[in-house]
>>> print(open('input05.txt').read())   # compact mmCIF, C-alpha atoms and all ligand atoms
# COMPACT_ATOMS: atom_id res chain seq x y z
CA MET T 25 0.31 26.93 30.12
CA GLU T 26 1.65 23.63 28.80
CA PRO T 27 -0.86 21.02 27.65
CA ARG T 28 -0.58 17.78 29.60
CA LEU T 29 -2.17 14.35 29.56
CA LEU T 30 -5.60 14.22 31.16
CA LEU T 31 -5.44 12.08 34.30
CA PRO T 32 -7.76 9.08 34.72
CA GLU T 33 -9.59 10.76 37.61
CA GLU T 34 -10.32 13.65 35.22
CA PHE T 35 -11.83 11.46 32.48
CA PRO T 36 -15.44 12.24 33.59
CA LEU T 37 -14.78 15.78 32.32
CA LEU T 38 -14.88 14.38 28.79
CA ARG T 39 -18.64 14.25 29.10
CA ASP T 40 -18.82 18.03 29.64
CA PHE T 41 -16.29 18.81 26.94
CA LEU T 42 -18.09 16.56 24.47
CA TYR T 43 -21.21 18.63 25.03
CA LEU T 44 -19.19 21.79 24.34
CA ALA T 45 -17.79 20.21 21.17
CA ILE T 46 -21.26 19.92 19.61
CA HIS T 47 -21.50 22.57 16.92
CA VAL T 48 -24.72 24.58 17.15
CA PRO T 49 -25.24 26.55 13.91
CA ASP T 50 -26.25 30.21 14.27
CA GLY T 51 -29.93 30.59 15.01
CA GLN T 52 -30.38 27.02 16.25
CA THR T 53 -31.12 25.93 19.79
CA ALA T 54 -28.50 23.94 21.68
CA PRO T 55 -29.55 20.37 22.51
CA PRO T 56 -30.26 19.44 26.15
CA ARG T 57 -27.14 18.74 28.21
CA ASP T 58 -27.95 15.07 28.65
CA VAL T 59 -27.85 14.45 24.89
CA VAL T 60 -24.31 13.14 25.46
CA ASP T 61 -25.78 10.42 27.73
CA ILE T 62 -28.94 9.65 25.80
CA ASP T 63 -27.58 9.58 22.27
CA PRO T 64 -25.83 6.19 22.07
CA LEU T 65 -23.32 7.37 19.47
CA LEU T 66 -22.35 10.50 21.39
CA ALA T 67 -22.04 8.44 24.58
CA ARG T 68 -19.40 6.29 22.90
CA TYR T 69 -17.07 9.30 22.72
CA TRP T 70 -16.67 9.48 26.50
CA LYS T 71 -18.08 6.42 28.31
CA GLY T 72 -15.45 3.99 29.58
CA PHE T 73 -12.67 6.24 28.32
CA GLY T 74 -9.14 5.05 29.00
CA ARG T 75 -9.80 1.35 28.60
CA LYS T 76 -9.34 1.00 24.85
CA GLU T 77 -6.33 1.17 22.59
CA GLY T 78 -6.37 4.59 20.94
CA ASP T 79 -7.80 6.39 23.97
CA VAL T 80 -5.56 9.43 24.44
CA ALA T 81 -6.57 12.75 26.02
CA VAL T 82 -4.66 15.98 26.57
CA CYS T 83 -5.80 19.10 28.39
CA SER T 84 -4.86 22.68 29.15
CA GLU T 85 -5.13 23.92 32.71
CA LEU T 86 -5.29 27.54 33.75
CA ASP T 87 -5.41 28.68 37.38
CA GLY T 88 -6.30 25.17 38.51
CA ARG T 89 -9.15 24.82 36.00
CA ILE T 90 -9.18 22.62 32.94
CA VAL T 91 -10.12 24.97 30.12
CA GLY T 92 -9.70 22.75 27.08
CA VAL T 93 -9.50 19.07 26.20
CA ALA T 94 -8.67 17.20 23.01
CA TRP T 95 -8.89 13.44 22.80
CA THR T 96 -8.86 10.49 20.43
CA ARG T 97 -10.86 7.28 20.34
CA ILE T 98 -11.35 4.57 17.75
CA LEU T 99 -15.09 4.21 17.28
CA GLY T 100 -15.65 1.38 14.85
CA GLY T 101 -18.22 -1.41 14.74
CA LYS T 102 -21.89 -1.26 13.83
CA HIS T 103 -22.35 2.38 14.83
CA PRO T 104 -19.06 4.06 13.95
CA GLY T 105 -18.10 7.56 15.06
CA TYR T 106 -18.87 10.57 12.89
CA GLY T 107 -15.23 10.79 11.81
CA HIS T 108 -14.57 7.06 11.49
CA ILE T 109 -12.36 5.95 8.62
CA ASP T 110 -11.11 2.55 9.68
CA ASP T 111 -10.52 0.64 12.89
CA LYS T 112 -6.87 1.71 13.09
CA THR T 113 -7.39 5.44 12.82
CA PRO T 114 -8.27 7.34 15.99
CA GLU T 115 -10.85 10.08 15.69
CA ILE T 116 -10.34 13.45 17.37
CA ALA T 117 -12.80 15.39 19.52
CA ILE T 118 -11.93 18.81 20.95
CA ALA T 119 -13.48 21.67 22.89
CA VAL T 120 -12.28 24.74 24.75
CA LEU T 121 -14.44 26.57 27.31
CA PRO T 122 -16.28 29.42 25.49
CA GLU T 123 -14.52 32.22 27.40
CA TYR T 124 -11.09 30.85 26.45
CA ARG T 125 -11.64 30.36 22.73
CA GLY T 126 -9.55 32.14 20.11
CA LEU T 127 -6.47 32.33 22.36
CA GLY T 128 -4.42 29.56 20.78
CA ILE T 129 -5.36 26.85 23.28
CA GLY T 130 -7.05 24.61 20.70
CA GLU T 131 -4.07 24.79 18.36
CA GLU T 132 -1.69 23.91 21.18
CA LEU T 133 -3.84 20.98 22.30
CA LEU T 134 -4.08 19.57 18.79
CA THR T 135 -0.35 19.95 18.22
CA VAL T 136 0.39 17.91 21.33
CA LEU T 137 -2.32 15.33 20.58
CA LEU T 138 -1.02 14.76 17.05
CA TYR T 139 2.49 14.16 18.28
CA GLN T 140 1.26 11.94 21.10
CA SER T 141 -0.76 9.88 18.62
CA TRP T 142 2.30 9.38 16.43
CA CYS T 143 4.29 8.31 19.50
CA GLU T 144 1.57 5.70 20.05
CA ASP T 145 2.20 4.28 16.58
CA LYS T 146 -0.72 5.89 14.78
CA ASP T 147 -0.12 6.76 11.12
CA GLN T 148 -3.05 9.15 10.84
CA VAL T 149 -5.96 10.65 12.74
CA SER T 150 -9.36 11.76 11.50
CA LEU T 151 -12.22 14.01 12.52
CA SER T 152 -15.62 15.18 11.39
CA VAL T 153 -16.47 18.87 11.31
CA ASP T 154 -19.53 20.78 10.22
CA LYS T 155 -18.85 22.70 6.99
CA ASP T 156 -19.94 25.90 8.71
CA ASN T 157 -17.80 25.42 11.81
CA PRO T 158 -14.89 27.92 11.87
CA ALA T 159 -12.84 25.19 13.51
CA ARG T 160 -12.23 23.72 10.03
CA HIS T 161 -9.76 26.55 9.36
CA LEU T 162 -7.78 25.55 12.41
CA TYR T 163 -7.65 21.95 11.20
CA GLU T 164 -6.58 23.03 7.70
CA ARG T 165 -3.84 25.17 9.21
CA LEU T 166 -2.51 22.14 11.06
CA GLY T 167 -2.37 20.04 7.89
CA PHE T 168 -5.70 18.20 7.92
CA THR T 169 -7.16 17.58 4.46
CA ILE T 170 -10.74 16.94 3.43
CA VAL T 171 -11.17 13.34 2.26
CA GLU T 172 -14.96 13.16 2.04
CA GLU T 173 -18.13 15.20 2.37
CA ARG T 174 -20.80 13.53 4.47
CA GLY T 175 -23.95 15.63 4.22
CA ALA T 176 -23.32 18.81 6.21
CA ASP T 177 -20.04 17.46 7.56
CA LEU T 178 -16.51 17.19 6.29
CA LEU T 179 -14.38 14.16 7.02
CA MET T 180 -10.79 15.31 7.53
CA VAL T 181 -7.55 13.39 7.95
CA LYS T 182 -4.09 14.32 9.15
CA THR T 183 -1.22 12.05 8.14
CA LEU T 184 1.27 11.68 10.97
CA ALA T 185 3.89 9.30 9.63
CA ALA T 186 5.99 9.62 6.47
CA GLU T 187 6.91 6.49 4.50
CA ASP T 188 10.01 5.99 6.67
CA GLY T 189 7.86 6.37 9.79
CA SER T 190 9.19 9.82 10.72
CA TYR T 191 6.79 12.36 12.15
CA ILE T 192 5.06 14.85 9.90
CA GLY T 193 3.07 17.25 11.94
CA PRO T 194 2.83 20.80 13.20
CA GLY T 195 5.84 21.98 15.13
CA TRP T 196 7.81 18.95 14.04
CA GLU T 197 7.63 19.32 10.29
CA GLY T 198 10.55 17.66 8.56
CA LEU T 199 12.12 16.22 11.67
CA ALA T 200 13.12 12.59 11.53
CA VAL T 201 12.28 11.54 15.06
CA PRO T 202 12.16 7.82 15.84
CA ARG T 203 8.80 6.47 16.94
CA ARG T 204 8.39 5.89 20.64
CA PRO T 205 11.53 7.87 21.44
CA ASP T 206 11.67 6.20 24.84
CA ALA T 207 11.54 2.66 23.43
CA GLY T 208 14.62 0.60 24.10
CA THR T 209 15.94 2.83 26.87
C1 LIG T 301 -12.67 24.66 17.88
C2 LIG T 301 -11.97 25.03 19.20
C3 LIG T 301 -11.62 23.78 19.97
C4 LIG T 301 -10.67 25.77 18.84
O1 LIG T 301 -10.01 26.11 20.03
P1 LIG T 301 -9.50 27.61 20.23
O2 LIG T 301 -8.66 27.64 21.44
O3 LIG T 301 -10.66 28.51 20.15
O4 LIG T 301 -8.63 27.75 18.89
P2 LIG T 301 -7.31 28.59 18.67
O5 LIG T 301 -7.41 29.89 19.42
O6 LIG T 301 -6.12 27.76 18.91
O7 LIG T 301 -7.35 28.81 17.11
C5 LIG T 301 -8.29 29.70 16.59
C6 LIG T 301 -9.06 28.98 15.52
O8 LIG T 301 -10.11 28.23 16.07
C7 LIG T 301 -11.31 28.48 15.38
N1 LIG T 301 -12.19 29.20 16.30
C8 LIG T 301 -12.00 30.33 16.94
N2 LIG T 301 -13.06 30.65 17.70
C9 LIG T 301 -13.94 29.66 17.52
C10 LIG T 301 -15.23 29.41 18.01
N3 LIG T 301 -15.83 30.24 18.85
N4 LIG T 301 -15.84 28.28 17.60
C11 LIG T 301 -15.24 27.44 16.75
N5 LIG T 301 -14.00 27.64 16.26
C12 LIG T 301 -13.36 28.74 16.63
C13 LIG T 301 -10.97 29.26 14.19
O9 LIG T 301 -10.71 28.35 13.15
C14 LIG T 301 -9.71 29.94 14.57
O10 LIG T 301 -8.84 30.04 13.50
P3 LIG T 301 -8.94 31.28 12.50
O11 LIG T 301 -8.93 32.47 13.39
O12 LIG T 301 -7.75 31.12 11.64
O13 LIG T 301 -10.23 31.07 11.76
C15 LIG T 301 -12.86 25.95 20.09
O14 LIG T 301 -13.08 27.15 19.43
C16 LIG T 301 -14.16 25.31 20.50
O15 LIG T 301 -14.24 24.67 21.53
N6 LIG T 301 -15.21 25.50 19.68
C17 LIG T 301 -16.52 24.92 19.94
C18 LIG T 301 -16.51 23.41 19.84
C19 LIG T 301 -16.11 22.91 18.47
O16 LIG T 301 -16.47 23.46 17.45
N7 LIG T 301 -15.32 21.82 18.50
C20 LIG T 301 -14.84 21.18 17.30
C21 LIG T 301 -15.84 20.24 16.75
S1 LIG T 301 -15.22 19.49 15.26
>>> encode(input="input05.txt", output="structure tokens")
Amino acid sequence: MEPRLLLPEEFPLLRDFLYLAIHVPDGQTAPPRDVVDIDPLLARYWKGFGRKEGDVAVCSELDGRIVGVAWTRILGGKHPGYGHIDDKTPEIAIAVLPEYRGLGIGEELLTVLLYQSWCEDKDQVSLSVDKDNPARHLYERLGFTIVEERGADLLMVKTLAAEDGSYIGPGWEGLAVPRRPDAGT
């Protein structure tokens, strides 16, 4: 199962995966499904996806079913995203269907998304994760570092480009690969 880019006709799935990405602490009730439509900030993570610079989504498909999606968006302005750092840094959202978690799909998706983001000239990506969410260990393993605590959340950043522009990321550590390898061909 190789992660691939999510196709434009599949972008509506981001709504469902955003709902799955909402961390519900033990003992708490999950919000209603339409929270991702009603909450204006959550809606910004999926509505109109594909139209803005920084919109990149990758997915994993198994037996004809998309089982995990990771994507980036730049959510600046008056009501910035939870993991917003600046208007150049895309923020990551990710979810895997519950029955497929813990199998390595999330790590694979993030690895591809990080590299794809670097190919699209991004120097870093960010995300926000609840302190109690086990997903933070996955992010730390992939080289994300905590840059700020925001209440119950951690703001994490992964640097993608070294000073000379070469890629620094999982699976590619130490390799001096030119940006946009296909540029100029
Ligand atoms: C976080 C998530 C995308 C990781 O995908 P995955 O395919 O389960 O992850 P992998 O199998 O590649 O890696 C396992 C790591 O994911 C995390 N993980 C595993 N099961 C998890 C679960 N049920 N919920 C959250 N994180 C989990 C752990 O950090 C684990 O690493 P560890 O064993 O070293 O602690 C997925 O578990 C998920 O969709 N969780 C719920 C939504 C969510 O929390 N999204 C992130 C919001 S910031």
>>> residues_near_ligand(input="input05.txt", ligand="ligand LIG 301 (chain T)", cutoff="10 Å", atoms="all atoms listed in the file", output="PyMOL selection string")
chain T and resi 41-49+84+91-94+106-107+116-135+151-165+177-180
>>> atom_distance(input="input05.txt", atom1="atom CA of T:Gln140", atom2="atom CA of T:Leu29")
9.4 Å
>>> atom_distance(input="input05.txt", atom1="atom CA of T:Lys182", atom2="atom CA of T:Tyr139")
11.3 Å
>>> residues_near_point(input="input05.txt", point="(3.6, 8.6, 17.2)", cutoff="8 Å", atoms="all atoms listed in the file", output="list in words")
Leu138, Tyr139, Gln140, Ser141, Trp142, Cys143, Glu144, Asp145, Lys146, Asp147, Leu184, Ala185, Tyr191, Arg203 and Arg204 of chain T
>>> atom_distance(input="input05.txt", atom1="atom CA of T:Asp79", atom2="atom CA of T:Arg97")
4.8 Å
>>> closest_residue(input="input05.txt", among="T:Val136, T:Leu30, T:Val181, T:Ile170", to="T:Pro194", atoms="all atoms listed in the file")
T:Val136
>>> closest_residue(input="input05.txt", among="T:Arg57, T:Gly51, T:Glu187, T:Phe35", to="T:Trp95", atoms="all atoms listed in the file")
T:Phe35
>>> decode(input="input05.txt", residues="stretch 84-194 of chain T", atoms="C-alpha atoms", output="tab-separated table (two decimals), in the first residue's frame")
chain	number	residue	atom	x	y	z
T	84	SER	CA	-3.61	5.45	1.75
T	85	GLU	CA	-5.97	3.11	-0.05
T	86	LEU	CA	-6.62	-0.48	0.91
T	87	ASP	CA	-8.92	-2.80	-1.05
T	88	GLY	CA	-10.43	0.16	-2.88
T	89	ARG	CA	-11.14	2.09	0.33
T	90	ILE	CA	-9.34	5.19	1.52
T	91	VAL	CA	-8.26	4.34	5.06
T	92	GLY	CA	-6.14	7.34	5.97
T	93	VAL	CA	-5.56	10.91	4.85
T	94	ALA	CA	-2.99	13.54	5.79
T	95	TRP	CA	-3.17	17.06	4.42
T	96	THR	CA	-1.78	20.55	4.76
T	97	ARG	CA	-3.40	23.97	4.56
T	98	ILE	CA	-2.28	27.47	5.45
T	99	LEU	CA	-4.94	28.88	7.74
T	100	GLY	CA	-3.98	32.45	8.52
T	101	GLY	CA	-6.03	35.63	8.83
T	102	LYS	CA	-8.35	36.72	11.61
T	103	HIS	CA	-9.21	33.21	12.76
T	104	PRO	CA	-6.02	31.20	12.25
T	105	GLY	CA	-5.83	27.42	12.46
T	106	TYR	CA	-5.00	25.69	15.73
T	107	GLY	CA	-1.46	24.98	14.52
T	108	HIS	CA	-0.88	28.29	12.74
T	109	ILE	CA	2.60	29.79	13.00
T	110	ASP	CA	2.81	32.15	10.07
T	111	ASP	CA	1.23	32.56	6.66
T	112	LYS	CA	4.02	30.62	4.91
T	113	THR	CA	3.90	27.50	7.03
T	114	PRO	CA	1.32	24.85	6.15
T	115	GLU	CA	-0.44	23.14	9.02
T	116	ILE	CA	-0.96	19.37	9.04
T	117	ALA	CA	-4.16	17.46	9.77
T	118	ILE	CA	-4.24	13.65	9.78
T	119	ALA	CA	-6.56	10.75	10.56
T	120	VAL	CA	-6.66	7.03	9.93
T	121	LEU	CA	-9.87	4.99	10.17
T	122	PRO	CA	-10.10	3.54	13.72
T	123	GLU	CA	-9.81	-0.10	12.61
T	124	TYR	CA	-6.56	0.63	10.73
T	125	ARG	CA	-4.72	2.56	13.44
T	126	GLY	CA	-1.40	1.40	14.86
T	127	LEU	CA	-0.36	-0.36	11.62
T	128	GLY	CA	2.13	2.20	10.36
T	129	ILE	CA	-0.24	3.96	7.95
T	130	GLY	CA	-0.05	7.33	9.73
T	131	GLU	CA	3.74	7.28	9.76
T	132	GLU	CA	3.84	6.46	6.05
T	133	LEU	CA	1.36	9.22	5.21
T	134	LEU	CA	3.29	11.82	7.18
T	135	THR	CA	6.59	10.76	5.62
T	136	VAL	CA	5.19	11.28	2.14
T	137	LEU	CA	3.43	14.54	3.07
T	138	LEU	CA	6.61	16.02	4.56
T	139	TYR	CA	8.59	15.24	1.45
T	140	GLN	CA	5.81	16.51	-0.81
T	141	SER	CA	5.68	19.77	1.17
T	142	TRP	CA	9.42	20.25	0.75
T	143	CYS	CA	9.06	19.61	-2.99
T	144	GLU	CA	6.49	22.43	-2.98
T	145	ASP	CA	9.08	24.81	-1.53
T	146	LYS	CA	7.95	24.74	2.08
T	147	ASP	CA	10.71	25.14	4.68
T	148	GLN	CA	8.66	23.81	7.58
T	149	VAL	CA	5.25	22.48	8.56
T	150	SER	CA	3.38	22.79	11.84
T	151	LEU	CA	0.57	21.10	13.73
T	152	SER	CA	-1.36	21.29	16.95
T	153	VAL	CA	-1.86	18.22	19.11
T	154	ASP	CA	-3.52	17.66	22.44
T	155	LYS	CA	-0.94	16.94	25.15
T	156	ASP	CA	-2.75	13.70	25.97
T	157	ASN	CA	-2.99	12.48	22.38
T	158	PRO	CA	-0.66	9.49	21.79
T	159	ALA	CA	-0.16	10.85	18.28
T	160	ARG	CA	2.42	13.28	19.72
T	161	HIS	CA	4.87	10.37	20.04
T	162	LEU	CA	4.52	9.68	16.34
T	163	TYR	CA	5.25	13.31	15.54
T	164	GLU	CA	8.29	13.35	17.85
T	165	ARG	CA	9.58	10.20	16.18
T	166	LEU	CA	9.38	11.93	12.81
T	167	GLY	CA	11.38	14.93	14.02
T	168	PHE	CA	8.68	17.40	15.08
T	169	THR	CA	9.64	19.57	18.05
T	170	ILE	CA	7.44	21.40	20.52
T	171	VAL	CA	7.70	25.16	20.01
T	172	GLU	CA	4.85	26.34	22.22
T	173	GLU	CA	2.23	25.17	24.68
T	174	ARG	CA	-1.23	26.57	24.00
T	175	GLY	CA	-3.48	25.55	26.88
T	176	ALA	CA	-4.10	21.81	26.53
T	177	ASP	CA	-2.40	21.73	23.13
T	178	LEU	CA	1.15	21.57	21.90
T	179	LEU	CA	2.27	23.49	18.86
T	180	MET	CA	4.82	21.39	16.97
T	181	VAL	CA	7.04	22.17	14.01
T	182	LYS	CA	9.06	20.03	11.62
T	183	THR	CA	11.86	21.74	9.70
T	184	LEU	CA	12.06	20.43	6.15
T	185	ALA	CA	14.87	22.40	4.57
T	186	ALA	CA	18.47	22.75	5.71
T	187	GLU	CA	20.31	26.04	5.20
T	188	ASP	CA	21.39	24.94	1.71
T	189	GLY	CA	17.79	24.00	0.92
T	190	SER	CA	18.38	20.23	1.03
T	191	TYR	CA	15.70	18.02	2.50
T	192	ILE	CA	15.81	17.03	6.14
T	193	GLY	CA	13.06	14.63	6.89
T	194	PRO	CA	12.21	11.04	7.70
